Structures are given as C-alpha cells and as structure tokens.
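Q: Provided herewith: my_file-v2.pdb, PDB, C-alpha atoms and all ligand atoms.
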ATOM      1  CA  MET A  14    -119.635 -23.393  98.537
ATOM      2  CA  LYS A  15    -117.229 -24.317  95.794
ATOM      3  CA  GLU A  16    -119.754 -23.862  92.984
ATOM      4  CA  LEU A  17    -120.685 -20.361  94.154
ATOM      5  CA  GLU A  18    -117.015 -19.381  94.431
ATOM      6  CA  GLU A  19    -116.366 -20.643  90.907
ATOM      7  CA  LYS A  20    -119.305 -18.647  89.579
ATOM      8  CA  ILE A  21    -118.077 -15.499  91.364
ATOM      9  CA  LEU A  22    -114.624 -15.953  89.825
ATOM     10  CA  LYS A  23    -116.095 -16.538  86.374
ATOM     11  CA  GLU A  24    -118.818 -13.877  86.253
ATOM     12  CA  GLY A  25    -118.307 -11.449  89.141
ATOM     13  CA  LYS A  26    -117.139  -7.969  88.188
ATOM     14  CA  LEU A  27    -115.521  -5.462  90.484
ATOM     15  CA  LEU A  28    -117.077  -1.971  90.440
ATOM     16  CA  GLY A  29    -114.789   0.645  91.973
ATOM     17  CA  ASN A  30    -112.880  -0.647  94.975
ATOM     18  CA  ASP A  31    -115.346  -2.805  96.783
ATOM     19  CA  VAL A  32    -118.636  -3.392  95.026
ATOM     20  CA  LEU A  33    -118.857  -6.810  93.431
ATOM     21  CA  LYS A  34    -121.347  -7.000  90.583
ATOM     22  CA  VAL A  35    -123.047 -10.385  90.449
ATOM     23  CA  GLY A  36    -126.094  -9.402  88.412
ATOM     24  CA  SER A  37    -125.574 -12.136  85.818
ATOM     25  CA  PHE A  38    -126.332 -14.981  88.270
ATOM     26  CA  LEU A  39    -127.311 -13.736  91.696
ATOM     27  CA  ASN A  40    -129.226 -10.493  92.043
ATOM     28  CA  GLN A  41    -130.627  -9.383  88.713
ATOM     29  CA  GLN A  42    -130.599 -12.441  86.481
ATOM     30  CA  VAL A  43    -130.722 -15.470  88.788
ATOM     31  CA  ASP A  44    -129.076 -18.863  88.192
ATOM     32  CA  THR A  45    -131.898 -20.991  89.577
ATOM     33  CA  ASN A  46    -129.908 -24.245  89.655
ATOM     34  CA  LEU A  47    -127.259 -22.637  91.794
ATOM     35  CA  LEU A  48    -129.964 -20.940  93.890
ATOM     36  CA  LEU A  49    -131.569 -24.299  94.752
ATOM     37  CA  LYS A  50    -128.184 -25.761  95.686
ATOM     38  CA  MET A  51    -127.563 -22.774  97.963
ATOM     39  CA  ALA A  52    -130.938 -23.316  99.646
ATOM     40  CA  LYS A  53    -130.057 -26.984 100.285
ATOM     41  CA  GLU A  54    -126.731 -25.936 101.759
ATOM     42  CA  VAL A  55    -128.535 -23.511 104.101
ATOM     43  CA  LYS A  56    -130.806 -26.345 105.299
ATOM     44  CA  ARG A  57    -127.760 -28.549 105.860
ATOM     45  CA  LEU A  58    -126.117 -25.789 107.919
ATOM     46  CA  PHE A  59    -129.096 -24.775 110.045
ATOM     47  CA  GLY A  60    -131.097 -28.007 110.252
ATOM     48  CA  ASP A  61    -134.728 -28.083 111.305
ATOM     49  CA  GLY A  62    -136.688 -25.808 113.561
ATOM     50  CA  ILE A  63    -136.918 -22.617 111.503
ATOM     51  CA  THR A  64    -140.464 -21.288 111.050
ATOM     52  CA  LYS A  65    -139.841 -18.262 108.800
ATOM     53  CA  VAL A  66    -137.162 -16.682 106.650
ATOM     54  CA  LEU A  67    -136.806 -12.894 106.756
ATOM     55  CA  THR A  68    -135.082 -10.742 104.154
ATOM     56  CA  ILE A  69    -135.094  -7.236 102.739
ATOM     57  CA  GLU A  70    -136.302  -6.196  99.296
ATOM     58  CA  ALA A  71    -135.210  -6.546  96.580
ATOM     59  CA  SER A  72    -131.992  -8.506  96.194
ATOM     60  CA  GLY A  73    -132.527 -10.861  99.157
ATOM     61  CA  ILE A  74    -135.891 -12.092  97.908
ATOM     62  CA  SER A  75    -134.838 -14.901  95.558
ATOM     63  CA  PHE A  76    -132.476 -16.412  98.140
ATOM     64  CA  ALA A  77    -135.029 -16.182 100.974
ATOM     65  CA  CYS A  78    -137.720 -17.666  98.729
ATOM     66  CA  ALA A  79    -135.552 -20.641  97.742
ATOM     67  CA  ILE A  80    -134.649 -21.345 101.385
ATOM     68  CA  ALA A  81    -138.301 -21.076 102.424
ATOM     69  CA  ILE A  82    -139.327 -23.556  99.692
ATOM     70  CA  GLU A  83    -136.585 -25.954 100.823
ATOM     71  CA  TYR A  84    -137.983 -25.810 104.383
ATOM     72  CA  GLY A  85    -141.648 -25.685 103.317
ATOM     73  CA  ILE A  86    -142.202 -22.502 105.325
ATOM     74  CA  PRO A  87    -143.132 -18.866 104.468
ATOM     75  CA  PHE A  88    -140.677 -16.053 103.934
ATOM     76  CA  VAL A  89    -141.237 -12.398 104.723
ATOM     77  CA  PHE A  90    -139.478  -9.450 103.162
ATOM     78  CA  ALA A  91    -139.044  -6.060 104.756
ATOM     79  CA  LYS A  92    -140.207  -3.237 102.493
ATOM     80  CA  LYS A  93    -138.153  -0.135 101.895
ATOM     81  CA  SER A  94    -141.147   2.191 101.651
ATOM     82  CA  LYS A  95    -144.548   2.542 103.286
ATOM     83  CA  THR A  96    -146.994   1.596 100.562
ATOM     84  CA  VAL A  97    -150.815   1.696 100.854
ATOM     85  CA  ASN A  98    -151.005  -2.072 101.136
ATOM     86  CA  LEU A  99    -148.806  -2.058 104.244
ATOM     87  CA  ALA A 100    -151.726  -1.906 106.650
ATOM     88  CA  GLY A 101    -152.029  -2.538 110.394
ATOM     89  CA  GLU A 102    -149.272  -2.300 112.967
ATOM     90  CA  LEU A 103    -145.819  -1.933 111.449
ATOM     91  CA  VAL A 104    -142.409  -2.707 112.865
ATOM     92  CA  SER A 105    -139.584  -0.619 111.455
ATOM     93  CA  ALA A 106    -135.835  -0.125 111.656
ATOM     94  CA  SER A 107    -133.432   2.228 109.968
ATOM     95  CA  VAL A 108    -130.704   0.953 107.670
ATOM     96  CA  TYR A 109    -127.735   2.678 106.074
ATOM     97  CA  SER A 110    -127.490   1.517 102.471
ATOM     98  CA  PHE A 111    -124.063   0.321 101.360
ATOM     99  CA  THR A 112    -124.857   0.750  97.677
ATOM    100  CA  HIS A 113    -126.954   3.969  97.821
ATOM    101  CA  LYS A 114    -125.020   5.626 100.675
ATOM    102  CA  THR A 115    -128.224   6.867 102.319
ATOM    103  CA  GLU A 116    -130.226   5.997 105.426
ATOM    104  CA  TYR A 117    -133.674   4.514 104.876
ATOM    105  CA  GLN A 118    -136.442   2.859 106.889
ATOM    106  CA  ILE A 119    -137.533  -0.753 106.474
ATOM    107  CA  PHE A 120    -141.015  -1.949 107.411
ATOM    108  CA  VAL A 121    -142.666  -5.279 108.197
ATOM    109  CA  SER A 122    -146.307  -5.824 109.167
ATOM    110  CA  LYS A 123    -146.261  -7.024 112.765
ATOM    111  CA  GLU A 124    -148.850  -9.704 111.999
ATOM    112  CA  TYR A 125    -146.324 -11.663 109.902
ATOM    113  CA  ILE A 126    -143.763 -12.247 112.672
ATOM    114  CA  SER A 127    -144.943 -13.511 116.040
ATOM    115  CA  SER A 128    -143.202 -14.252 119.331
ATOM    116  CA  THR A 129    -143.371 -18.002 118.606
ATOM    117  CA  ASP A 130    -141.450 -17.665 115.324
ATOM    118  CA  LYS A 131    -137.903 -18.970 114.917
ATOM    119  CA  ILE A 132    -136.417 -16.719 112.284
ATOM    120  CA  LEU A 133    -133.580 -17.208 109.839
ATOM    121  CA  ILE A 134    -132.448 -13.939 108.243
ATOM    122  CA  ALA A 135    -131.131 -14.238 104.670
ATOM    123  CA  ASP A 136    -129.536 -11.671 102.379
ATOM    124  CA  ASP A 137    -127.329 -11.549  99.306
ATOM    125  CA  PHE A 138    -124.289  -9.673 100.711
ATOM    126  CA  LEU A 139    -122.760  -8.935 104.091
ATOM    127  CA  ALA A 140    -120.489  -5.884 104.004
ATOM    128  CA  ASN A 141    -120.681  -3.515 106.978
ATOM    129  CA  GLY A 142    -123.640  -5.356 108.461
ATOM    130  CA  ASN A 143    -126.238  -2.573 108.360
ATOM    131  CA  SER A 144    -128.893  -4.581 106.489
ATOM    132  CA  LEU A 145    -128.563  -7.564 108.836
ATOM    133  CA  GLU A 146    -128.602  -5.247 111.878
ATOM    134  CA  GLY A 147    -131.856  -3.667 110.666
ATOM    135  CA  LEU A 148    -133.446  -7.075 110.139
ATOM    136  CA  ILE A 149    -132.201  -8.297 113.545
ATOM    137  CA  GLN A 150    -133.875  -5.244 115.125
ATOM    138  CA  ILE A 151    -137.147  -6.188 113.431
ATOM    139  CA  VAL A 152    -136.943  -9.757 114.820
ATOM    140  CA  GLU A 153    -136.160  -8.448 118.294
ATOM    141  CA  LYS A 154    -138.985  -5.867 118.193
ATOM    142  CA  CYS A 155    -141.402  -8.714 117.351
ATOM    143  CA  ASN A 156    -140.032 -10.756 120.302
ATOM    144  CA  ALA A 157    -139.348 -13.645 117.922
ATOM    145  CA  THR A 158    -136.338 -15.958 118.247
ATOM    146  CA  LEU A 159    -133.434 -15.315 115.896
ATOM    147  CA  VAL A 160    -131.841 -18.610 114.840
ATOM    148  CA  GLY A 161    -129.150 -16.906 112.779
ATOM    149  CA  CYS A 162    -128.300 -15.085 109.578
ATOM    150  CA  VAL A 163    -127.072 -16.421 106.256
ATOM    151  CA  VAL A 164    -125.657 -14.538 103.291
ATOM    152  CA  GLN A 165    -124.629 -15.672  99.851
ATOM    153  CA  ILE A 166    -121.461 -13.544  99.850
ATOM    154  CA  GLU A 167    -119.634 -12.088 102.836
ATOM    155  CA  LYS A 168    -116.937  -9.517 102.163
ATOM    156  CA  GLU A 169    -114.882 -10.471 105.141
ATOM    157  CA  TYR A 170    -112.491  -7.544 104.878
ATOM    158  CA  GLN A 171    -115.391  -5.250 105.763
ATOM    159  CA  ASN A 172    -116.352  -5.344 109.398
ATOM    160  CA  GLY A 173    -120.003  -6.383 109.533
ATOM    161  CA  GLY A 174    -119.564 -10.113 110.064
ATOM    162  CA  LYS A 175    -116.930  -9.671 112.752
ATOM    163  CA  VAL A 176    -119.035  -7.173 114.729
ATOM    164  CA  LEU A 177    -122.203  -9.277 114.532
ATOM    165  CA  ARG A 178    -120.385 -12.489 115.538
ATOM    166  CA  GLU A 179    -118.806 -10.671 118.474
ATOM    167  CA  LYS A 180    -122.322  -9.702 119.562
ATOM    168  CA  GLY A 181    -123.112 -13.434 119.693
ATOM    169  CA  TYR A 182    -125.228 -13.853 116.564
ATOM    170  CA  ARG A 183    -124.776 -16.927 114.377
ATOM    171  CA  ILE A 184    -123.692 -15.647 110.969
ATOM    172  CA  GLU A 185    -123.066 -18.077 108.095
ATOM    173  CA  ALA A 186    -121.754 -17.179 104.645
ATOM    174  CA  LEU A 187    -121.937 -19.482 101.610
ATOM    175  CA  SER A 188    -118.858 -17.731 100.259
ATOM    176  CA  SER A 189    -116.440 -15.514 102.050
ATOM    177  CA  ILE A 190    -114.209 -13.022 100.246
ATOM    178  CA  LYS A 191    -110.968 -12.307 102.037
ATOM    179  CA  LYS A 192    -109.490  -9.922  99.500
ATOM    180  CA  MET A 193    -110.733  -8.363  96.298
ATOM    181  CA  THR A 194    -108.633  -6.479  93.762
ATOM    182  CA  GLU A 195    -109.054  -5.817  90.054
ATOM    183  CA  LYS A 196    -106.739  -8.760  89.393
ATOM    184  CA  GLU A 197    -108.034 -11.344  91.834
ATOM    185  CA  ILE A 198    -110.672 -12.402  94.286
ATOM    186  CA  GLU A 199    -109.392 -14.428  97.205
ATOM    187  CA  PHE A 200    -111.754 -16.592  99.254
ATOM    188  CA  ASN A 201    -111.371 -17.722 102.809
TER     189      ASN A 201
HETATM  190  P1  LIG B   1    -124.211  -3.997 104.522
HETATM  191  O1  LIG B   1    -125.541  -3.532 105.019
HETATM  192  O2  LIG B   1    -123.776  -5.285 105.154
HETATM  193  O3  LIG B   1    -123.165  -2.937 104.581
HETATM  194  O4  LIG B   1    -124.381  -4.281 102.961
HETATM  195  C1  LIG B   1    -125.232  -5.311 102.548
HETATM  196  C2  LIG B   1    -126.203  -4.819 101.529
HETATM  197  O5  LIG B   1    -125.588  -3.943 100.590
HETATM  198  C3  LIG B   1    -126.745  -5.996 100.761
HETATM  199  O6  LIG B   1    -128.128  -6.102 100.995
HETATM  200  C4  LIG B   1    -126.431  -5.722  99.307
HETATM  201  O7  LIG B   1    -127.612  -5.494  98.605
HETATM  202  C5  LIG B   1    -125.564  -4.495  99.295
HETATM  203  N1  LIG B   1    -124.161  -4.797  98.990
HETATM  204  C6  LIG B   1    -123.099  -4.711  99.829
HETATM  205  N2  LIG B   1    -121.959  -4.985  99.204
HETATM  206  C7  LIG B   1    -122.282  -5.280  97.929
HETATM  207  C8  LIG B   1    -121.508  -5.662  96.787
HETATM  208  O8  LIG B   1    -120.272  -5.773  96.792
HETATM  209  N3  LIG B   1    -122.207  -5.899  95.646
HETATM  210  C9  LIG B   1    -123.573  -5.793  95.574
HETATM  211  N4  LIG B   1    -124.142  -6.068  94.399
HETATM  212  N5  LIG B   1    -124.323  -5.412  96.633
HETATM  213  C10 LIG B   1    -123.690  -5.166  97.802
END
Go ahead and express the file in the form of structure tokens.

A:
Amino acid sequence: MKELEEKILKEGKLLGNDVLKVGSFLNQQVDTNLLLKMAKEVKRLFGDGITKVLTIEASGISFACAIAIEYGIPFVFAKKSKTVNLAGELVSASVYSFTHKTEYQIFVSKEYISSTDKILIADDFLANGNSLEGLIQIVEKCNATLVGCVVQIEKEYQNGGKVLREKGYRIEALSSIKKMTEKEIEFN
C-alpha cells in the first residue's frame, strides 16, 4: 500500500539493525485514517467468507479490530498471560518474542474459536514468523479453517514469510521491506 509505505518512510525509525519503530502511527499512537484504509485493503485482498480475525496482544489489536469492523465480524486476541478472567478450556502455543528475545505462552479460550470458523490471522509485523506460527497452531488446535495471514509490515529479508509460504499458507503483507539501513528503507 503506497500510503503505508510513504508513512513508514516519513515516520519510521530504525532501532539497532533491524527493529523498525512505528509507534507514531501504527503500534502505540495509531493513525486511524490509515488504519481504516488498511482494513479496506485487507477486505479487497481476502474477499468474503471470513468469520473471525485472530491476533495477539497488544500491537496486533488495532489492526485486527479495524479488519473485523470492516467485515462486521468479531475478532479474538491471544493473551500473553493466564489471567483470572481466562476461564474454561484454553488453547495455548509457545512463541519466541522477536522484540523481547524470550519464549512465552499465548492463550485463547477454546469457546471463542470453533471448528466452523474461517479465520484470518492479523498482526503488525512479520519478521521470523514466530508470532504467526503460534497463532496458526491455535487455529489448528481448534480445528478451525485458516484462510490466511495478513501483516501491516513484512521484513522480507528475515525468513518468516518465506518459510510460512513454503508450508502452503497464504501470507499477505500491506508493505514489504526488502532492505533496511540507517540511510534508506527499500520496499518490494
Ligand atoms: P516474528 O514473530 O515474525 O519474528 O516477529 C513479529 C512480532 O515481533 C510482531 O508481533 C511485532 O510485535 C514484533 N516485531 C518484529 N519486528 C519488529 C520491528 O521491526 N518493529 C516492531 N515495532 N516490532 C517488531
């Protein structure tokens, strides 16, 4: 999406070698106009037939929510800790965090994803693919149908997207970074 790429070029900041900070418009402060346009683009890409959007807290929530509103369907977010209000049967998966460099468990109440659901997974970034893999495991453990995954930004030079596509999953990215250096960000 041209508008998303332009925003990344204007406001994105590189932290270290490969963490792109997009907190001014995407995952801390959120540009809601751009968010709604992204949700429309997701609907254009995937068409009808999705019954639920699944994401992971916290930075995937705004994107998943906007997509769900566009479709008029619910969204579900996997929690990163077992809180007292996570009752009933839980489905879990373990995820290695790209930003925290630690392994953690994600949990979803089984009652929110059923075998008749057609799930679209949404997240902010795709780097090595661990978050999407964890969410895919949740969908598979619930015997639901995975329609595909969509991310706002794929860092293509990391391997996640390639590995997941080779496994046969449909992975769409609204922007795809081919190369990122202090001087420039190059899109595909
Ligand atoms: P993966 O699991 O694909 O390795 O990494 C994806 C997750 O790590 C995303 O949910 C996102 O929150 C975080 N992440 C990965 N790369 C970046 C990045 O460059 N910038 C930010 N802000 N988060 C990232």

Q: Neighbours of ligand LIG 1 (chain B) within 9 Å, counting all atoms listed in the file, as a PyMOL selection string?

A: chain A and resi 27-28+31-36+39-40+68-73+108-113+136-147+164+166-168+171-174

Q: List as a list in words the residues having at least one atom at most 6 Å from position (-115.6, -11.2, 104.8) as given in the file, counting only C-alpha atoms.

A: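 Within the cut-off we find Glu167, Lys168, Glu169, Tyr170, Ser189, Ile190 and Lys191 of chain A.
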
Q: Taking the file as I've supplied it (selection: the PyMOL selection byres (((chain A and resi 88) around 8) and not hetatm)), which residues are included? Please answer as a short mmCIF file (atom, residue, chain, number, x, y, z; two decimals) with C-alpha atoms, in the coordinates of the input.

A:
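The file below, result.cif, is the result:
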data_model
loop_
_atom_site.label_atom_id
_atom_site.label_comp_id
_atom_site.auth_asym_id
_atom_site.auth_seq_id
_atom_site.Cartn_x
_atom_site.Cartn_y
_atom_site.Cartn_z
CA LYS A 65 -139.84 -18.26 108.80
CA VAL A 66 -137.16 -16.68 106.65
CA LEU A 67 -136.81 -12.89 106.76
CA THR A 68 -135.08 -10.74 104.15
CA ALA A 77 -135.03 -16.18 100.97
CA CYS A 78 -137.72 -17.67 98.73
CA ALA A 81 -138.30 -21.08 102.42
CA ILE A 86 -142.20 -22.50 105.32
CA PRO A 87 -143.13 -18.87 104.47
CA VAL A 89 -141.24 -12.40 104.72
CA PHE A 90 -139.48 -9.45 103.16
#

Q: In terms of the shortest atom-to-atom distance over all atoms listed in the file, which of A:Ile63, A:Met14, A:Leu177, A:Ile184 is closest to A:Ile132?

A: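 Among the listed residues, A:Ile63 lies closest to A:Ile132.
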
Q: What does the distance between atom CA of A:Val176 and atom CA of A:Ile198 come to in Å, to one decimal place?

A: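 Going from atom CA of A:Val176 over to atom CA of A:Ile198, I get 22.7 Å.
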
Q: Any idea what's packed within 10 Å of A:Leu47, counting only C-alpha atoms, ignoring anything in its chain fewer than 3 positions away? Could you give it as a list in words?

A: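 The residues that qualify are Glu16, Leu17, Lys20, Phe38, Leu39, Val43, Asp44, Lys50, Met51, Ala52 and Lys53 of chain A.
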
Q: One number please: atom CA of A:Tyr182 to atom CA of A:Leu159, in Å, one decimal.

A: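 A separation of 8.4 Å between them.
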
Q: When you count all atoms listed in the file, which of these residues is closest to A:Gln150: A:Ser107, A:Thr129, A:Ser122, A:Ser94?

A: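 Among the listed residues, A:Ser107 lies closest to A:Gln150.
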
Q: Give me, please, the distance in Å between atom CA of A:Ile126 and atom CA of A:Gly101, quoted to one decimal.

A: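 These two atoms are separated by 13.0 Å.
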
Q: Between A:Leu99, A:Lys175, A:Ser188, A:Asn201, which has the minimum distance to A:Glu19 (counting all atoms listed in the file)?

A: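 Of A:Leu99, A:Lys175, A:Ser188, A:Asn201, the one nearest A:Glu19 is A:Ser188, counting all atoms listed in the file.
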
Q: Could you state which residues are captured by the PyMOL selection byres (((chain A and resi 162) around 6) and not hetatm) in this file, as a PyMOL selection string?

A: chain A and resi 133-135+161+163+184

Q: Please determine, counting only C-alpha atoms, which residue among A:Lys114, A:Lys123, A:Lys131, A:Lys180 has the shortest atom-to-atom distance to A:Gly62.

A: A:Lys131

Q: Choose the residue, out of A:Gln165, A:Glu124, A:Lys56, A:Glu102, that has the smallest atom-to-atom separation from A:Phe76; count all atoms listed in the file.

A: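 Once distances to A:Phe76 are computed over all atoms listed in the file, the minimum belongs to A:Gln165.
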
Q: In terms of the shortest atom-to-atom distance over all atoms listed in the file, which of A:Leu187, A:Val104, A:Glu83, A:Lys196 is closest to A:Val152?

A: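 Distance minimum relative to A:Val152 lands on A:Val104.
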
Q: Using all atoms of stretch 131-136 of chain A that appear in the file, construct an axis-aligned enclosing box with 4 Å of padding on every side and provide its centre coordinates and edge lengths in Å, rounded to one decimal, as lines of an AutoDock Vina configuration file.

A:
center_x = -133.7
center_y = -15.3
center_z = 108.6
size_x = 16.4
size_y = 15.3
size_z = 20.5

Q: May I have the protein, DNA and RNA residues with an atom at most 6 Å from (-137.3, -18.8, 119.1), counting all atoms listed in the file in the file's coordinates, returned as a short mmCIF file (atom, residue, chain, number, x, y, z; two decimals) with C-alpha atoms, in the coordinates of the input?

A:
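Listing of point-v1.cif after writing:
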data_model
loop_
_atom_site.label_atom_id
_atom_site.label_comp_id
_atom_site.auth_asym_id
_atom_site.auth_seq_id
_atom_site.Cartn_x
_atom_site.Cartn_y
_atom_site.Cartn_z
CA ASP A 130 -141.45 -17.66 115.32
CA LYS A 131 -137.90 -18.97 114.92
CA ALA A 157 -139.35 -13.64 117.92
CA THR A 158 -136.34 -15.96 118.25
#
